[in-house]
$ cat final_4.cif   # mmCIF, C-alpha atoms
data_data
#
loop_
_atom_site.label_atom_id
_atom_site.label_comp_id
_atom_site.auth_asym_id
_atom_site.auth_seq_id
_atom_site.Cartn_x
_atom_site.Cartn_y
_atom_site.Cartn_z
CA MET A 1 -13.32 -76.02 -189.51
CA LYS A 2 -15.41 -77.35 -186.63
CA LEU A 3 -17.07 -75.00 -184.17
CA VAL A 4 -17.26 -76.27 -180.59
CA VAL A 5 -19.41 -74.33 -178.15
CA ASN A 6 -18.57 -74.95 -174.52
CA PRO A 7 -21.18 -74.13 -171.89
CA VAL A 8 -20.66 -71.17 -169.60
CA GLY A 9 -20.56 -71.84 -165.87
CA ASP A 10 -21.15 -75.17 -164.21
CA PHE A 11 -23.86 -77.20 -162.50
CA SER A 12 -24.22 -79.05 -159.21
CA PHE A 13 -25.15 -82.73 -159.22
CA SER A 14 -26.21 -84.79 -156.19
CA VAL A 15 -28.37 -87.82 -155.36
CA ASN A 16 -30.93 -88.18 -152.57
CA PRO A 17 -30.94 -90.52 -150.79
CA SER A 18 -27.31 -91.50 -151.30
CA SER A 19 -27.89 -95.05 -150.03
CA MET A 20 -30.83 -97.43 -150.13
CA THR A 21 -31.86 -101.06 -149.85
CA VAL A 22 -33.56 -102.87 -152.73
CA PRO A 23 -34.89 -106.42 -152.37
CA ARG A 24 -34.25 -108.83 -155.23
CA GLY A 25 -37.17 -108.47 -157.61
CA GLY A 26 -37.86 -104.95 -156.27
CA ARG A 27 -37.02 -101.35 -157.06
CA SER A 28 -36.49 -97.97 -155.48
CA THR A 29 -36.37 -94.46 -156.92
CA PRO A 30 -33.86 -91.89 -155.71
CA TYR A 31 -33.71 -88.40 -157.25
CA VAL A 32 -30.77 -86.50 -158.71
CA SER A 33 -30.79 -82.75 -158.03
CA LEU A 34 -29.23 -80.26 -160.42
CA ALA A 35 -28.70 -76.51 -160.24
CA GLY A 36 -26.97 -74.13 -162.60
CA GLN A 37 -24.05 -72.03 -161.40
CA GLY A 38 -22.28 -69.05 -162.98
CA GLY A 39 -24.74 -68.48 -165.82
CA PHE A 40 -25.00 -72.13 -166.83
CA TYR A 41 -27.63 -72.76 -169.52
CA ALA A 42 -27.31 -76.14 -171.25
CA THR A 43 -28.66 -79.67 -171.44
CA VAL A 44 -27.23 -82.28 -169.08
CA LYS A 45 -27.33 -85.94 -170.17
CA PHE A 46 -27.60 -88.79 -167.66
CA SER A 47 -26.09 -92.26 -167.38
CA ALA A 48 -25.13 -94.83 -164.74
CA SER A 49 -22.22 -97.23 -164.38
CA GLY A 50 -21.11 -99.94 -161.97
CA LEU A 51 -24.40 -101.81 -162.07
CA PRO A 52 -24.10 -105.50 -161.16
CA ALA A 53 -25.65 -108.19 -163.36
CA GLY A 54 -29.42 -108.11 -163.09
CA MET A 55 -29.66 -104.48 -161.92
CA THR A 56 -30.95 -101.63 -164.10
CA ALA A 57 -31.05 -97.85 -163.78
CA THR A 58 -33.91 -96.21 -165.69
CA TRP A 59 -33.86 -92.41 -165.78
CA GLY A 60 -37.11 -90.46 -165.71
CA SER A 61 -35.58 -88.37 -168.50
CA THR A 62 -32.36 -89.06 -170.42
CA SER A 63 -31.47 -85.35 -170.37
CA LYS A 64 -32.59 -82.09 -168.79
CA LEU A 65 -32.13 -78.40 -169.57
CA VAL A 66 -30.49 -76.70 -166.59
CA SER A 67 -30.53 -72.91 -166.49
CA GLY A 68 -29.91 -70.09 -164.09
CA THR A 69 -29.68 -70.98 -160.43
CA SER A 70 -32.99 -72.83 -160.17
CA THR A 71 -32.87 -76.37 -158.81
CA SER A 72 -34.47 -79.21 -160.73
CA SER A 73 -34.50 -82.96 -160.27
CA VAL A 74 -34.81 -86.17 -162.24
CA SER A 75 -35.74 -89.62 -160.97
CA VAL A 76 -33.68 -92.75 -161.54
CA LYS A 77 -35.45 -96.05 -160.91
CA ILE A 78 -33.05 -98.70 -159.60
CA ALA A 79 -34.39 -102.22 -160.09
CA ALA A 80 -32.82 -105.50 -158.99
CA SER A 81 -33.97 -108.67 -160.71
CA SER A 82 -34.41 -111.91 -158.83
CA SER A 83 -31.03 -113.00 -160.23
CA THR A 84 -29.07 -110.05 -158.77
CA VAL A 85 -26.56 -111.35 -156.24
CA PRO A 86 -27.25 -109.91 -152.75
CA GLY A 87 -24.61 -107.46 -151.59
CA THR A 88 -23.69 -103.80 -151.42
CA TYR A 89 -22.82 -101.97 -154.63
CA ALA A 90 -21.50 -98.48 -155.40
CA ILE A 91 -23.39 -97.22 -158.44
CA THR A 92 -22.00 -94.15 -160.20
CA LEU A 93 -24.63 -91.73 -161.50
CA VAL A 94 -23.26 -89.38 -164.17
CA GLY A 95 -24.33 -85.98 -165.47
CA THR A 96 -22.55 -84.83 -168.65
CA CYS A 97 -22.63 -81.60 -170.62
CA GLY A 98 -19.84 -81.34 -173.18
CA PRO A 99 -16.55 -81.30 -171.26
CA ILE A 100 -18.29 -80.96 -167.89
CA VAL A 101 -18.85 -84.27 -166.10
CA HIS A 102 -20.17 -84.68 -162.56
CA THR A 103 -20.78 -87.90 -160.68
CA ALA A 104 -22.63 -88.95 -157.55
CA THR A 105 -22.27 -92.29 -155.80
CA LEU A 106 -25.39 -94.22 -154.89
CA THR A 107 -24.83 -97.11 -152.49
CA VAL A 108 -27.34 -99.88 -153.14
CA THR A 109 -27.72 -102.87 -150.84
CA VAL A 110 -29.52 -105.78 -152.50
CA THR A 111 -31.23 -108.17 -150.08
#
$ encode --input "final_4.cif" --output "C-alpha coordinates"
Amino acid sequence: MKLVVNPVGDFSFSVNPSSMTVPRGGRSTPYVSLAGQGGFYATVKFSASGLPAGMTATWGSTSKLVSGTSTSSVSVKIAASSSTVPGTYAITLVGTCGPIVHTATLTVTVT
(Lines of atoms letter the chains of each structure in order from A and count residues from 1; the text may use other names and numbers.)
(Lines give C-alpha, C1' and ligand atoms only; values in the text may rest on other atoms or scores of the structure.)
Protein backbone atom coordinates (compact mmCIF):
# COMPACT_ATOMS: atom_id res chain seq x y z
CA MET A 1 0.00 0.00 0.00
CA LYS A 2 1.29 3.45 -0.93
CA LEU A 3 0.60 6.45 1.27
CA VAL A 4 0.09 9.73 -0.58
CA VAL A 5 -0.01 12.91 1.47
CA ASN A 6 -1.67 15.83 -0.26
CA PRO A 7 -0.92 19.34 0.96
CA VAL A 8 -3.59 21.29 2.79
CA GLY A 9 -4.67 24.60 1.31
CA ASP A 10 -3.17 26.25 -1.73
CA PHE A 11 -0.63 28.88 -2.73
CA SER A 12 -0.61 31.96 -4.94
CA PHE A 13 1.93 32.22 -7.76
CA SER A 14 2.70 35.35 -9.79
CA VAL A 15 5.61 36.92 -11.70
CA ASN A 16 6.82 40.52 -11.56
CA PRO A 17 7.34 42.07 -14.00
CA SER A 18 5.11 40.04 -16.30
CA SER A 19 6.84 41.33 -19.44
CA MET A 20 10.39 42.40 -20.24
CA THR A 21 12.88 42.98 -23.03
CA VAL A 22 16.13 41.03 -23.21
CA PRO A 23 18.80 41.82 -25.82
CA ARG A 24 20.48 38.88 -27.54
CA GLY A 25 23.48 37.97 -25.42
CA GLY A 26 21.84 39.59 -22.37
CA ARG A 27 19.69 38.62 -19.41
CA SER A 28 17.06 39.93 -17.04
CA THR A 29 15.77 38.69 -13.69
CA PRO A 30 12.09 38.80 -12.81
CA TYR A 31 10.81 37.45 -9.47
CA VAL A 32 8.06 34.95 -8.75
CA SER A 33 6.02 35.69 -5.62
CA LEU A 34 4.41 32.93 -3.57
CA ALA A 35 2.09 33.00 -0.56
CA GLY A 36 0.39 30.19 1.32
CA GLN A 37 -3.38 30.12 1.61
CA GLY A 38 -5.69 28.02 3.82
CA GLY A 39 -2.99 26.52 6.03
CA PHE A 40 -0.65 25.60 3.19
CA TYR A 41 2.72 24.25 4.39
CA ALA A 42 4.72 22.45 1.71
CA THR A 43 7.59 22.73 -0.75
CA VAL A 44 6.87 24.19 -4.19
CA LYS A 45 9.13 23.13 -7.09
CA PHE A 46 9.84 25.43 -10.04
CA SER A 47 10.22 24.94 -13.78
CA ALA A 48 9.77 26.84 -17.05
CA SER A 49 8.49 25.87 -20.48
CA GLY A 50 8.07 27.49 -23.88
CA LEU A 51 11.64 28.74 -24.08
CA PRO A 52 12.86 29.32 -27.64
CA ALA A 53 16.20 27.90 -28.80
CA GLY A 54 19.07 29.74 -27.18
CA MET A 55 17.08 31.01 -24.18
CA THR A 56 17.49 29.67 -20.63
CA ALA A 57 15.62 30.12 -17.36
CA THR A 58 17.78 29.65 -14.26
CA TRP A 59 15.92 29.66 -10.95
CA GLY A 60 17.54 31.17 -7.86
CA SER A 61 16.30 28.05 -6.06
CA THR A 62 14.75 24.93 -7.60
CA SER A 63 12.21 24.71 -4.76
CA LYS A 64 10.96 26.72 -1.79
CA LEU A 65 9.07 25.94 1.41
CA VAL A 66 5.87 27.99 1.51
CA SER A 67 4.02 28.21 4.80
CA GLY A 68 1.30 30.22 6.45
CA THR A 69 0.25 33.40 4.73
CA SER A 70 3.70 34.99 4.48
CA THR A 71 4.84 36.06 1.02
CA SER A 72 8.19 34.91 -0.33
CA SER A 73 9.87 35.22 -3.69
CA VAL A 74 12.38 33.47 -5.90
CA SER A 75 14.36 34.90 -8.81
CA VAL A 76 14.44 33.42 -12.29
CA LYS A 77 17.23 34.64 -14.56
CA ILE A 78 16.14 34.72 -18.21
CA ALA A 79 19.10 34.74 -20.59
CA ALA A 80 19.05 34.97 -24.39
CA SER A 81 22.13 33.80 -26.26
CA SER A 82 23.39 35.59 -29.34
CA SER A 83 21.71 32.86 -31.42
CA THR A 84 18.20 33.44 -30.02
CA VAL A 85 15.93 34.64 -32.82
CA PRO A 86 14.54 38.13 -32.07
CA GLY A 87 10.82 38.15 -31.34
CA THR A 88 8.25 38.02 -28.57
CA TYR A 89 7.80 34.80 -26.61
CA ALA A 90 5.32 33.65 -23.96
CA ILE A 91 7.31 31.74 -21.34
CA THR A 92 5.33 29.66 -18.85
CA LEU A 93 6.71 29.66 -15.31
CA VAL A 94 5.42 26.74 -13.23
CA GLY A 95 5.08 26.11 -9.50
CA THR A 96 4.23 22.52 -8.53
CA CYS A 97 3.42 20.87 -5.22
CA GLY A 98 1.98 17.38 -5.60
CA PRO A 99 -1.35 17.72 -7.42
CA ILE A 100 -1.32 21.52 -7.16
CA VAL A 101 0.10 23.28 -10.22
CA HIS A 102 0.10 27.03 -10.83
CA THR A 103 1.48 28.90 -13.81
CA ALA A 104 2.35 32.49 -14.65
CA THR A 105 3.06 33.81 -18.13
CA LEU A 106 6.18 35.89 -18.67
CA THR A 107 6.28 37.74 -21.99
CA VAL A 108 9.86 38.13 -23.18
CA THR A 109 10.80 40.28 -26.16
CA VAL A 110 14.24 39.45 -27.54
CA THR A 111 15.92 42.28 -29.45
$ resolve_selection --input "final_4.cif" --expression "the PyMOL selection byres ((chain A and resi 95) around 9)" --output "PyMOL selection string"
chain A and resi 13+44-48+63+93-94+96-97+100-104
$ write_last_selection --input "final_4.cif" --atoms "C-alpha atoms" --output "mmCIF file, in the frame of the given file"
data_model
loop_
_atom_site.group_PDB
_atom_site.id
_atom_site.type_symbol
_atom_site.label_atom_id
_atom_site.label_comp_id
_atom_site.auth_asym_id
_atom_site.auth_seq_id
_atom_site.Cartn_x
_atom_site.Cartn_y
_atom_site.Cartn_z
ATOM 1 C CA PHE A 13 -25.150 -82.730 -159.220
ATOM 2 C CA VAL A 44 -27.230 -82.280 -169.080
ATOM 3 C CA LYS A 45 -27.330 -85.940 -170.170
ATOM 4 C CA PHE A 46 -27.600 -88.790 -167.660
ATOM 5 C CA SER A 47 -26.090 -92.260 -167.380
ATOM 6 C CA ALA A 48 -25.130 -94.830 -164.740
ATOM 7 C CA SER A 63 -31.470 -85.350 -170.370
ATOM 8 C CA LEU A 93 -24.630 -91.730 -161.500
ATOM 9 C CA VAL A 94 -23.260 -89.380 -164.170
ATOM 10 C CA THR A 96 -22.550 -84.830 -168.650
ATOM 11 C CA CYS A 97 -22.630 -81.600 -170.620
ATOM 12 C CA ILE A 100 -18.290 -80.960 -167.890
ATOM 13 C CA VAL A 101 -18.850 -84.270 -166.100
ATOM 14 C CA HIS A 102 -20.170 -84.680 -162.560
ATOM 15 C CA THR A 103 -20.780 -87.900 -160.680
ATOM 16 C CA ALA A 104 -22.630 -88.950 -157.550
#
$ closest_atom_pairs --input "final_4.cif" --of "range 62-92 of chain A" --to "range 20-37 of chain A" --cutoff "6 Å" --atoms "only C-alpha atoms" --output "JSON lines"
{"residue": "A:Val66", "atom": "CA", "partner": "A:Gly36", "partner_atom": "CA", "distance": 5.9}
{"residue": "A:Ser67", "atom": "CA", "partner": "A:Gly36", "partner_atom": "CA", "distance": 5.4}
{"residue": "A:Gly68", "atom": "CA", "partner": "A:Gly36", "partner_atom": "CA", "distance": 5.2}
{"residue": "A:Thr69", "atom": "CA", "partner": "A:Gly36", "partner_atom": "CA", "distance": 4.7}
{"residue": "A:Ser70", "atom": "CA", "partner": "A:Ala35", "partner_atom": "CA", "distance": 5.7}
{"residue": "A:Thr71", "atom": "CA", "partner": "A:Ala35", "partner_atom": "CA", "distance": 4.4}
{"residue": "A:Ser72", "atom": "CA", "partner": "A:Leu34", "partner_atom": "CA", "distance": 5.4}
{"residue": "A:Ser73", "atom": "CA", "partner": "A:Ser33", "partner_atom": "CA", "distance": 4.3}
{"residue": "A:Val74", "atom": "CA", "partner": "A:Val32", "partner_atom": "CA", "distance": 5.4}
{"residue": "A:Ser75", "atom": "CA", "partner": "A:Tyr31", "partner_atom": "CA", "distance": 4.4}
{"residue": "A:Val76", "atom": "CA", "partner": "A:Thr29", "partner_atom": "CA", "distance": 5.6}
{"residue": "A:Lys77", "atom": "CA", "partner": "A:Thr29", "partner_atom": "CA", "distance": 4.4}
{"residue": "A:Ile78", "atom": "CA", "partner": "A:Arg27", "partner_atom": "CA", "distance": 5.4}
{"residue": "A:Ala79", "atom": "CA", "partner": "A:Arg27", "partner_atom": "CA", "distance": 4.1}
{"residue": "A:Ala80", "atom": "CA", "partner": "A:Arg24", "partner_atom": "CA", "distance": 5.2}
{"residue": "A:Ser81", "atom": "CA", "partner": "A:Gly25", "partner_atom": "CA", "distance": 4.5}
{"residue": "A:Ser82", "atom": "CA", "partner": "A:Gly25", "partner_atom": "CA", "distance": 4.6}
$ closest_residue --input "final_4.cif" --among "A:Lys64, A:Lys2, A:Ser14, A:Ala42" --to "Gly98 in chain A" --atoms "all atoms listed in the file"
A:Ala42
$ closest_residue --input "final_4.cif" --among "A:Ser83, A:Thr62, A:Ser49, A:Thr107" --to "Val15 in chain A" --atoms "all atoms listed in the file"
A:Thr107
$ residues_around --input "final_4.cif" --residues "Ala90 in chain A" --least-positions-apart "2" --cutoff "9 Å" --atoms "all atoms listed in the file" --output "list of chain:residue names"
A:Gly50, A:Leu51, A:Thr88, A:Thr92, A:Thr105, A:Leu106, A:Thr107, A:Val108, A:Thr109
$ atom_distance --input "final_4.cif" --atom1 "CA of Asp10 in chain A" --atom2 "CA of Gly39 in chain A"
7.8 Å
$ atom_distance --input "final_4.cif" --atom1 "CA of Gly87 in chain A" --atom2 "CA of Ser19 in chain A"
12.9 Å
$ closest_residue --input "final_4.cif" --among "A:Gly54, A:Pro17, A:Gly38, A:Pro99" --to "Pro86 in chain A" --atoms "all atoms listed in the file"
A:Gly54
$ atom_distance --input "final_4.cif" --atom1 "CA of Phe40 in chain A" --atom2 "CA of Ser18 in chain A"
24.9 Å
$ build_atoms --input "final_4.cif" --residues "range 94-105 of chain A" --atoms "all heavy atoms" --output "tab-separated table (two decimals), in the frame of the given file"
chain	number	residue	atom	x	y	z
A	94	VAL	N	-24.09	-90.33	-163.42
A	94	VAL	CA	-23.26	-89.38	-164.17
A	94	VAL	C	-24.13	-88.34	-164.85
A	94	VAL	O	-25.13	-88.67	-165.49
A	94	VAL	CB	-22.40	-90.12	-165.23
A	94	VAL	CG1	-21.48	-89.15	-165.95
A	94	VAL	CG2	-21.61	-91.26	-164.60
A	95	GLY	N	-23.72	-87.08	-164.74
A	95	GLY	CA	-24.33	-85.98	-165.47
A	95	GLY	C	-23.28	-85.36	-166.37
A	95	GLY	O	-22.20	-84.98	-165.89
A	96	THR	N	-23.55	-85.29	-167.68
A	96	THR	CA	-22.55	-84.83	-168.65
A	96	THR	C	-23.11	-83.71	-169.50
A	96	THR	O	-24.23	-83.79	-170.00
A	96	THR	CB	-22.12	-85.99	-169.57
A	96	THR	OG1	-21.67	-87.08	-168.78
A	96	THR	CG2	-21.02	-85.56	-170.51
A	97	CYS	N	-22.31	-82.68	-169.69
A	97	CYS	CA	-22.63	-81.60	-170.62
A	97	CYS	C	-21.33	-81.18	-171.27
A	97	CYS	O	-20.51	-80.47	-170.65
A	97	CYS	CB	-23.29	-80.43	-169.90
A	97	CYS	SG	-23.69	-79.08	-171.03
A	98	GLY	N	-21.10	-81.65	-172.49
A	98	GLY	CA	-19.84	-81.34	-173.18
A	98	GLY	C	-18.67	-81.81	-172.34
A	98	GLY	O	-18.63	-82.97	-171.91
A	99	PRO	N	-17.73	-80.90	-172.05
A	99	PRO	CA	-16.55	-81.30	-171.26
A	99	PRO	C	-16.81	-81.38	-169.76
A	99	PRO	O	-15.95	-81.82	-169.00
A	99	PRO	CB	-15.55	-80.19	-171.58
A	99	PRO	CG	-16.40	-78.99	-171.81
A	99	PRO	CD	-17.64	-79.51	-172.50
A	100	ILE	N	-17.98	-80.96	-169.32
A	100	ILE	CA	-18.29	-80.96	-167.89
A	100	ILE	C	-18.95	-82.28	-167.51
A	100	ILE	O	-19.98	-82.64	-168.07
A	100	ILE	CB	-19.22	-79.79	-167.52
A	100	ILE	CG1	-18.59	-78.45	-167.90
A	100	ILE	CG2	-19.53	-79.82	-166.02
A	100	ILE	CD1	-19.53	-77.27	-167.74
A	101	VAL	N	-18.33	-82.98	-166.57
A	101	VAL	CA	-18.85	-84.27	-166.10
A	101	VAL	C	-18.87	-84.25	-164.58
A	101	VAL	O	-17.87	-83.95	-163.94
A	101	VAL	CB	-17.96	-85.45	-166.59
A	101	VAL	CG1	-18.49	-86.77	-166.05
A	101	VAL	CG2	-17.88	-85.47	-168.10
A	102	HIS	N	-20.04	-84.56	-164.01
A	102	HIS	CA	-20.17	-84.68	-162.56
A	102	HIS	C	-20.73	-86.05	-162.23
A	102	HIS	O	-21.53	-86.60	-163.00
A	102	HIS	CB	-21.10	-83.60	-162.00
A	102	HIS	CG	-20.51	-82.24	-162.03
A	102	HIS	ND1	-19.45	-81.85	-161.26
A	102	HIS	CD2	-20.83	-81.16	-162.79
A	102	HIS	CE1	-19.14	-80.60	-161.51
A	102	HIS	NE2	-19.98	-80.15	-162.45
A	103	THR	N	-20.30	-86.59	-161.10
A	103	THR	CA	-20.78	-87.90	-160.68
A	103	THR	C	-21.29	-87.82	-159.23
A	103	THR	O	-20.92	-86.94	-158.47
A	103	THR	CB	-19.68	-88.96	-160.75
A	103	THR	OG1	-18.61	-88.60	-159.86
A	103	THR	CG2	-19.15	-89.12	-162.17
A	104	ALA	N	-22.16	-88.77	-158.92
A	104	ALA	CA	-22.63	-88.95	-157.55
A	104	ALA	C	-22.69	-90.45	-157.30
A	104	ALA	O	-23.11	-91.20	-158.18
A	104	ALA	CB	-24.01	-88.32	-157.37
A	105	THR	N	-22.26	-90.86	-156.14
A	105	THR	CA	-22.27	-92.29	-155.80
A	105	THR	C	-23.53	-92.65	-155.05
A	105	THR	O	-23.89	-91.99	-154.06
A	105	THR	CB	-21.03	-92.66	-154.96
A	105	THR	OG1	-19.85	-92.34	-155.71
A	105	THR	CG2	-21.03	-94.14	-154.62
